[in-house]
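Heads up, the thing below is written out as structure tokens.
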Amino acid sequence: MVELTGYNPEEFEPLGSFEVLPADNYVVVIESSVKRKASTGEANYYLQFVYNVVEGKFAGRKIFDRLNVENESAQAETIAKRALASICLAVGAVHPKNTEELHDKPFMVNVGIRPAKGTTDRPTLSKVTRCRTETRSKAPQQLQVRVRLQ
């Protein structure tokens with residue numbers, strides 16, 4: 001049992017639905033990042049990023065991304081490292097020493113929808129592009145990358 005002394009649910013607006021973001025381009029910033037042990041494989045680790053949509057109708061919504069940066073599958077690891085390189089280039093971090101250097105810098109992601117295997121469709125990121133707030137009206141330079149959310 002957990003005590004809820006001092007908590008009044010009437011002080012908070014209930015959560016809305018957690019519908020999947022529609023397929024589109026979104027300006028995001030990395031809100032947080034952490035390295036975690038994967039549930040499969042002894043040597044498998046991933047970077048988990050939480051992106052925050054910062055513009056438009058869906059501002060404030062979160063997108064979760066996992067990059068398998070250490071993986072027994074060389075292909076999975078290469079895909080993840082290429083995706084990370086695209087993020088680094090999109091935010092202007094040429095040689096970052098840690099993931100915190102990627103935080104709070106706007107870039108654009110293209111979100112698609114992967115049909116559900118179970119009960120809910122899932123978002124998938126297909127492109128990461130540079131995004132400069134002062135030149136956002138111009139088409140950002142595209143970096144070719146495919147990032148899969150897990």
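Going by the structure tokens order, chains are called A, B, ..., each with residues numbered from 1, while ligands are numbered from 1 in the order shown.
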Name the residues in contact with segment 30-35 of chain A at a cut-off of 6 Å, using only C-alpha atoms, excluding same-chain residues fewer than 3 positions from it; report them as an mmCIF file with C-alpha atoms, in the first residue's frame.
```cif
data_model
loop_
_atom_site.group_PDB
_atom_site.id
_atom_site.type_symbol
_atom_site.label_atom_id
_atom_site.label_comp_id
_atom_site.auth_asym_id
_atom_site.auth_seq_id
_atom_site.Cartn_x
_atom_site.Cartn_y
_atom_site.Cartn_z
ATOM 1 C CA TYR A 46 19.740 0.706 -26.081
ATOM 2 C CA LEU A 47 19.450 4.457 -25.795
ATOM 3 C CA GLN A 48 15.929 5.518 -24.963
ATOM 4 C CA PHE A 49 14.996 9.018 -26.057
ATOM 5 C CA VAL A 50 11.864 10.924 -25.149
ATOM 6 C CA TYR A 51 11.053 13.556 -27.762
ATOM 7 C CA HIS A 103 18.754 17.817 -25.519
ATOM 8 C CA ASP A 104 16.510 20.854 -26.054
#
```
Practice task
Name the residues in contact with Leu67 of chain A at a cut-off of 12 Å, using only C-alpha atoms, excluding same-chain residues fewer than 4 positions from it; report them as a ChimeraX atom specification.
Solution key: /A:33-38,44-50,71,76-87,125,146-150
Can those selected residues be exported to a file as a PDB file, in the first residue's frame so that it contains C-alpha atoms?
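selection.pdb, written as the output of this step:
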```pdb
ATOM      1  CA  SER A  33      17.779  10.180 -22.707  1.00  0.00           C
ATOM      2  CA  VAL A  34      18.988   7.119 -20.849  1.00  0.00           C
ATOM      3  CA  LYS A  35      20.996   3.990 -21.637  1.00  0.00           C
ATOM      4  CA  ARG A  36      19.232   0.783 -20.631  1.00  0.00           C
ATOM      5  CA  LYS A  37      19.919  -2.938 -20.700  1.00  0.00           C
ATOM      6  CA  ALA A  38      17.796  -4.686 -23.311  1.00  0.00           C
ATOM      7  CA  ASN A  44      22.457  -5.639 -25.692  1.00  0.00           C
ATOM      8  CA  TYR A  45      21.883  -2.034 -24.614  1.00  0.00           C
ATOM      9  CA  TYR A  46      19.740   0.706 -26.081  1.00  0.00           C
ATOM     10  CA  LEU A  47      19.450   4.457 -25.795  1.00  0.00           C
ATOM     11  CA  GLN A  48      15.929   5.518 -24.963  1.00  0.00           C
ATOM     12  CA  PHE A  49      14.996   9.018 -26.057  1.00  0.00           C
ATOM     13  CA  VAL A  50      11.864  10.924 -25.149  1.00  0.00           C
ATOM     14  CA  ASN A  71      23.597  -5.221 -29.925  1.00  0.00           C
ATOM     15  CA  ALA A  76      20.659  -3.611 -35.564  1.00  0.00           C
ATOM     16  CA  GLU A  77      23.639  -1.804 -34.054  1.00  0.00           C
ATOM     17  CA  THR A  78      24.585  -0.189 -37.362  1.00  0.00           C
ATOM     18  CA  ILE A  79      21.026   1.022 -37.953  1.00  0.00           C
ATOM     19  CA  ALA A  80      20.921   2.534 -34.468  1.00  0.00           C
ATOM     20  CA  LYS A  81      24.285   4.254 -34.843  1.00  0.00           C
ATOM     21  CA  ARG A  82      23.267   5.692 -38.206  1.00  0.00           C
ATOM     22  CA  ALA A  83      20.039   6.993 -36.643  1.00  0.00           C
ATOM     23  CA  LEU A  84      22.026   8.536 -33.794  1.00  0.00           C
ATOM     24  CA  ALA A  85      24.373  10.161 -36.324  1.00  0.00           C
ATOM     25  CA  SER A  86      21.357  11.690 -38.070  1.00  0.00           C
ATOM     26  CA  ILE A  87      20.086  13.121 -34.802  1.00  0.00           C
ATOM     27  CA  LEU A 125      10.110   7.486 -37.287  1.00  0.00           C
ATOM     28  CA  ARG A 146      15.169   5.048 -40.915  1.00  0.00           C
ATOM     29  CA  VAL A 147      14.527   4.871 -37.179  1.00  0.00           C
ATOM     30  CA  ARG A 148      12.188   2.298 -35.753  1.00  0.00           C
ATOM     31  CA  LEU A 149      10.410   2.730 -32.468  1.00  0.00           C
ATOM     32  CA  GLN A 150      10.204  -0.400 -30.409  1.00  0.00           C
TER      33      GLN A 150
END
```
Exercise for the section: Could you please write out, as number ranges by chain, every residue of segment 50-100 of chain A that DSSP assigns to strand (DSSP E)? Expected result: A: 50-53, 62-70
Problem - Distance criterion (only C-alpha atoms): nearest to Val53 of chain A out of A:Ala93, A:Val111, A:Leu4, A:Val69 - result: A:Val111
Problem - For Leu21 of chain A, the nearest of the candidates A:Lys97, A:Lys62, A:Lys105, A:Arg130, counting only C-alpha atoms - result: A:Lys62
Exercise for the section: Write out as a VMD selection string each polymer residue whose atoms come within 9 Å of Pro106 of chain A, counting only C-alpha atoms; drop sequence neighbours fewer than 4 positions from it. Expected result: chain A and resid 27 to 30 54 90 to 91 130 to 133
Exercise for the section: Please report, as a PyMOL selection string, each residue of chain A to which DSSP assigns alpha helix (DSSP H) when run on this structure's backbone. Expected result: chain A and resi 74-91
Just-selected residues, N, CA and C atoms written as a CSV table (one decimal), in the first residue's frame:
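Output saved as again34.csv:
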```csv
chain,number,residue,atom,x,y,z
A,74,ALA,N,24.9,-7.1,-35.6
A,74,ALA,CA,25.6,-6.0,-36.2
A,74,ALA,C,24.7,-5.1,-37.0
A,75,GLN,N,23.7,-5.7,-37.6
A,75,GLN,CA,22.8,-4.9,-38.5
A,75,GLN,C,22.0,-3.9,-37.6
A,76,ALA,N,21.4,-4.4,-36.5
A,76,ALA,CA,20.7,-3.6,-35.6
A,76,ALA,C,21.5,-2.5,-35.0
A,77,GLU,N,22.7,-2.8,-34.6
A,77,GLU,CA,23.6,-1.8,-34.1
A,77,GLU,C,24.0,-0.7,-35.1
A,78,THR,N,24.2,-1.1,-36.3
A,78,THR,CA,24.6,-0.2,-37.4
A,78,THR,C,23.4,0.7,-37.7
A,79,ILE,N,22.2,0.2,-37.7
A,79,ILE,CA,21.0,1.0,-38.0
A,79,ILE,C,20.9,2.1,-36.8
A,80,ALA,N,21.1,1.6,-35.6
A,80,ALA,CA,20.9,2.5,-34.5
A,80,ALA,C,22.0,3.6,-34.5
A,81,LYS,N,23.2,3.3,-34.8
A,81,LYS,CA,24.3,4.3,-34.8
A,81,LYS,C,24.1,5.2,-36.0
A,82,ARG,N,23.6,4.8,-37.1
A,82,ARG,CA,23.3,5.7,-38.2
A,82,ARG,C,22.1,6.7,-37.8
A,83,ALA,N,21.1,6.1,-37.1
A,83,ALA,CA,20.0,7.0,-36.6
A,83,ALA,C,20.6,8.0,-35.7
A,84,LEU,N,21.4,7.6,-34.8
A,84,LEU,CA,22.0,8.5,-33.8
A,84,LEU,C,22.9,9.6,-34.5
A,85,ALA,N,23.6,9.2,-35.5
A,85,ALA,CA,24.4,10.2,-36.3
A,85,ALA,C,23.5,11.2,-37.0
A,86,SER,N,22.3,10.8,-37.5
A,86,SER,CA,21.4,11.7,-38.1
A,86,SER,C,20.8,12.7,-37.1
A,87,ILE,N,20.5,12.2,-35.9
A,87,ILE,CA,20.1,13.1,-34.8
A,87,ILE,C,21.2,14.1,-34.5
A,88,CYS,N,22.4,13.6,-34.3
A,88,CYS,CA,23.5,14.5,-34.0
A,88,CYS,C,23.7,15.6,-35.0
A,89,LEU,N,23.6,15.2,-36.3
A,89,LEU,CA,23.8,16.2,-37.4
A,89,LEU,C,22.6,17.2,-37.4
A,90,ALA,N,21.4,16.7,-37.1
A,90,ALA,CA,20.2,17.5,-37.2
A,90,ALA,C,20.2,18.6,-36.1
A,91,VAL,N,20.8,18.3,-35.0
A,91,VAL,CA,20.9,19.3,-33.9
A,91,VAL,C,22.2,20.0,-33.9
```
Exercise for the section: Work out how far apart atom CA of Pro9 of chain A and atom CA of Gly60 of chain A are and give it in Å to one decimal. Expected result: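 So the two atoms, atom CA of Pro9 of chain A and atom CA of Gly60 of chain A, lie 21.5 Å apart.
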Exercise for the section: Provide the atom CA of Glu19 of chain A to atom CA of Leu102 of chain A distance in Å, to one decimal place. Expected result: 27.0 Å
Residues near Thr120 of chain A, anyone? I mean within 12 Å using only C-alpha atoms, not counting same-chain ones fewer than 5 positions away, as a short mmCIF file (atom, residue, chain, number, x, y, z; two decimals) with C-alpha atoms, in the first residue's frame.
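Produced file part_15.cif, reproduced below:
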```
data_model
loop_
_atom_site.label_atom_id
_atom_site.label_comp_id
_atom_site.auth_asym_id
_atom_site.auth_seq_id
_atom_site.Cartn_x
_atom_site.Cartn_y
_atom_site.Cartn_z
CA PHE A 18 -3.32 8.20 -25.68
CA GLU A 19 -4.08 8.03 -29.37
CA VAL A 20 -1.18 7.54 -31.76
CA LEU A 21 0.11 10.74 -33.33
CA ILE A 113 2.21 4.51 -38.43
CA ARG A 114 3.09 0.82 -38.14
CA PRO A 115 0.00 -1.40 -38.08
#
```
